[in-house]
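File shown here: work-v7.cif, holding mmCIF, C-alpha atoms.
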data_my_file
loop_
_atom_site.group_PDB
_atom_site.id
_atom_site.type_symbol
_atom_site.label_atom_id
_atom_site.label_comp_id
_atom_site.auth_asym_id
_atom_site.auth_seq_id
_atom_site.Cartn_x
_atom_site.Cartn_y
_atom_site.Cartn_z
ATOM 1 C CA MET A 1 126.161 71.485 230.780
ATOM 2 C CA LYS A 2 126.411 70.372 234.368
ATOM 3 C CA THR A 3 129.688 69.909 236.178
ATOM 4 C CA GLU A 4 129.050 66.165 236.540
ATOM 5 C CA GLU A 5 128.532 65.799 232.790
ATOM 6 C CA MET A 6 131.710 67.764 232.075
ATOM 7 C CA LYS A 7 133.632 65.609 234.553
ATOM 8 C CA ALA A 8 132.328 62.438 232.851
ATOM 9 C CA ILE A 9 133.337 63.764 229.419
ATOM 10 C CA PHE A 10 136.767 64.763 230.731
ATOM 11 C CA ASP A 11 137.252 61.347 232.354
ATOM 12 C CA ASN A 12 136.267 59.651 229.089
ATOM 13 C CA ILE A 13 138.754 61.802 227.127
ATOM 14 C CA LYS A 14 141.464 61.070 229.698
ATOM 15 C CA LYS A 15 140.765 57.325 229.451
ATOM 16 C CA LYS A 16 140.996 57.425 225.625
ATOM 17 C CA ALA A 17 144.218 59.455 225.784
ATOM 18 C CA LEU A 18 145.802 56.884 228.101
ATOM 19 C CA GLU A 19 144.749 54.059 225.760
ATOM 20 C CA ILE A 20 146.234 55.909 222.799
ATOM 21 C CA SER A 21 149.508 56.607 224.635
ATOM 22 C CA LYS A 22 149.804 52.916 225.540
ATOM 23 C CA VAL A 23 149.332 51.880 221.883
ATOM 24 C CA VAL A 24 151.794 54.521 220.687
ATOM 25 C CA GLY A 25 154.344 53.355 223.254
ATOM 26 C CA GLU A 26 153.959 49.753 222.134
ATOM 27 C CA ASP A 27 154.247 50.838 218.491
ATOM 28 C CA ALA A 28 157.484 52.685 219.291
ATOM 29 C CA VAL A 29 159.018 49.535 220.786
ATOM 30 C CA ILE A 30 157.878 47.441 217.819
ATOM 31 C CA GLY A 31 159.169 50.110 215.420
ATOM 32 C CA ALA A 32 162.574 50.170 217.112
ATOM 33 C CA GLN A 33 162.862 46.390 216.907
ATOM 34 C CA MET A 34 161.819 46.405 213.257
ATOM 35 C CA GLY A 35 164.271 49.230 212.559
ATOM 36 C CA LYS A 36 167.094 47.082 213.922
ATOM 37 C CA HIS A 37 166.240 44.342 211.429
ATOM 38 C CA LYS A 38 165.988 46.864 208.577
ATOM 39 C CA VAL A 39 169.411 48.313 209.433
ATOM 40 C CA GLN A 40 170.916 44.817 209.435
ATOM 41 C CA GLU A 41 169.219 44.023 206.127
ATOM 42 C CA LEU A 42 170.560 47.210 204.519
ATOM 43 C CA ASP A 43 174.047 46.539 205.878
ATOM 44 C CA LEU A 44 174.022 43.051 204.362
ATOM 45 C CA GLU A 45 172.783 44.496 201.049
ATOM 46 C CA ARG A 46 175.663 46.999 201.136
ATOM 47 C CA GLN A 47 178.160 44.208 201.838
ATOM 48 C CA LYS A 48 176.708 42.150 198.991
ATOM 49 C CA LEU A 49 176.992 45.121 196.636
ATOM 50 C CA MET A 50 180.641 45.630 197.615
ATOM 51 C CA LYS A 51 181.395 41.938 196.966
ATOM 52 C CA THR A 52 179.610 42.095 193.606
ATOM 53 C CA MET A 53 181.585 45.209 192.689
ATOM 54 C CA SER A 54 184.815 43.480 193.656
ATOM 55 C CA LEU A 55 183.899 40.483 191.537
ATOM 56 C CA GLY A 56 183.130 42.747 188.574
ATOM 57 C CA THR A 57 186.382 44.654 188.999
ATOM 58 C CA LYS A 58 188.361 41.416 188.947
ATOM 59 C CA ALA A 59 186.483 40.149 185.868
ATOM 60 C CA LEU A 60 187.097 43.448 184.052
ATOM 61 C CA SER A 61 190.782 43.303 184.924
ATOM 62 C CA LEU A 62 191.017 39.770 183.528
ATOM 63 C CA TYR A 63 189.150 40.887 180.371
ATOM 64 C CA LYS A 64 191.594 43.739 179.789
ATOM 65 C CA LYS A 65 194.485 41.264 180.091
ATOM 66 C CA GLY A 66 192.778 38.861 177.665
ATOM 67 C CA LYS A 67 192.473 36.221 180.393
ATOM 68 C CA LEU A 68 188.713 36.199 180.980
ATOM 69 C CA VAL A 69 187.567 32.610 180.490
ATOM 70 C CA GLN A 70 183.812 33.222 180.824
ATOM 71 C CA LYS A 71 182.964 34.462 177.330
ATOM 72 C CA ASP A 72 179.431 35.397 178.367
ATOM 73 C CA LEU A 73 180.931 38.214 180.463
ATOM 74 C CA ASN A 74 182.766 39.767 177.502
ATOM 75 C CA ALA A 75 179.758 41.825 176.367
ATOM 76 C CA ILE A 76 179.348 43.334 179.828
ATOM 77 C CA CYS A 77 183.064 44.169 179.985
ATOM 78 C CA GLU A 78 182.872 45.815 176.556
ATOM 79 C CA GLN A 79 179.909 47.893 177.725
ATOM 80 C CA ILE A 80 181.842 49.010 180.805
ATOM 81 C CA ILE A 81 184.847 50.010 178.695
ATOM 82 C CA ALA A 82 182.547 51.997 176.377
ATOM 83 C CA MET A 83 181.017 53.681 179.424
ATOM 84 C CA ASP A 84 184.497 54.552 180.722
ATOM 85 C CA LYS A 85 185.213 56.258 177.388
ATOM 86 C CA SER A 86 181.966 58.221 177.616
ATOM 87 C CA ILE A 87 182.753 59.203 181.189
ATOM 88 C CA GLY A 88 186.168 60.440 180.039
ATOM 89 C CA LYS A 89 184.533 62.553 177.317
ATOM 90 C CA GLN A 90 182.107 64.036 179.837
ATOM 91 C CA LYS A 91 184.922 64.868 182.257
ATOM 92 C CA THR A 92 186.831 66.613 179.456
ATOM 93 C CA ALA A 93 183.735 68.564 178.375
ATOM 94 C CA PHE A 94 183.082 69.558 181.977
ATOM 95 C CA ALA A 95 186.657 70.759 182.488
ATOM 96 C CA GLN A 96 186.538 72.775 179.242
ATOM 97 C CA GLN A 97 183.228 74.367 180.192
ATOM 98 C CA LYS A 98 184.563 75.184 183.648
ATOM 99 C CA ARG A 99 187.616 76.918 182.149
ATOM 100 C CA LYS A 100 185.376 78.948 179.823
ATOM 101 C CA LEU A 101 183.112 80.005 182.662
ATOM 102 C CA LYS A 102 186.049 81.090 184.823
ATOM 103 C CA LYS A 103 187.076 83.507 182.060
ATOM 104 C CA ILE A 104 183.690 85.256 182.107
ATOM 105 C CA PRO A 105 183.798 88.261 184.438
ATOM 106 C CA LEU A 106 181.168 88.354 187.150
ATOM 107 C CA LYS A 107 179.062 91.520 187.388
#
Could you render the structure as structure tokens?
Amino acid sequence: MKTEEMKAIFDNIKKKALEISKVVGEDAVIGAQMGKHKVQELDLERQKLMKTMSLGTKALSLYKKGKLVQKDLNAICEQIIAMDKSIGKQKTAFAQQKRKLKKIPLK
């Protein structure tokens, strides 16, 4: 291969590399701008979840006091109370297992 042909190939590769770097640079800017919107979206979703949790906590508190007016929420509150009982059982089982394991000597 002649030097002129090699130079032409090299120049072509260099040209393509510059085109690619320009596209990648533009994509990085677009990606950063899109990332900003995604972060804001996720923050709003987190805030919404916190508000929903707060609402649920208040409804459950009213249910436990017998003051929940929205009867359609009673079933959900009963499910949560049942889950709390199951969680308590699991915590107790975990603590018992942990105590048993601590008594086993390590080799």
Exercise: Lys65 of chain A partners within 12 Å, only C-alpha atoms, chain neighbours under 6 positions left out, as a PyMOL selection string: chain A and resi 58-59+77
Distance in Å - atom CA of Gln47 of chain A versus atom CA of Gly31 of chain A: 24.1 Å
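Atom CA of Leu60 of chain A sits 26.5 Å away from atom CA of Phe94 of chain A.
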Point-to-point distance from atom CA of Lys67 of chain A to atom CA of Met53 of chain A, Å rounded to tenths: 18.7 Å
Expansion of the PyMOL selection byres ((chain A and resi 80) around 12) into residues, as a list in words: Gly56, Thr57, Ala59, Leu60, Ser61, Tyr63, Lys64, Leu73, Asn74, Ala75, Ile76, Cys77, Glu78, Gln79, Ile81, Ala82, Met83, Asp84, Lys85, Ser86 and Ile87 of chain A
Taking all atoms of segment 24-39 of chain A that appear in the file, build a box with edges along x, y and z, extend it by 5 Å on every side, and state its centre and edge lengths in Å to one decimal, as JSON.
{"center_x": 160.6, "center_y": 49.4, "center_z": 215.9, "size_x": 27.6, "size_y": 20.2, "size_z": 24.7}
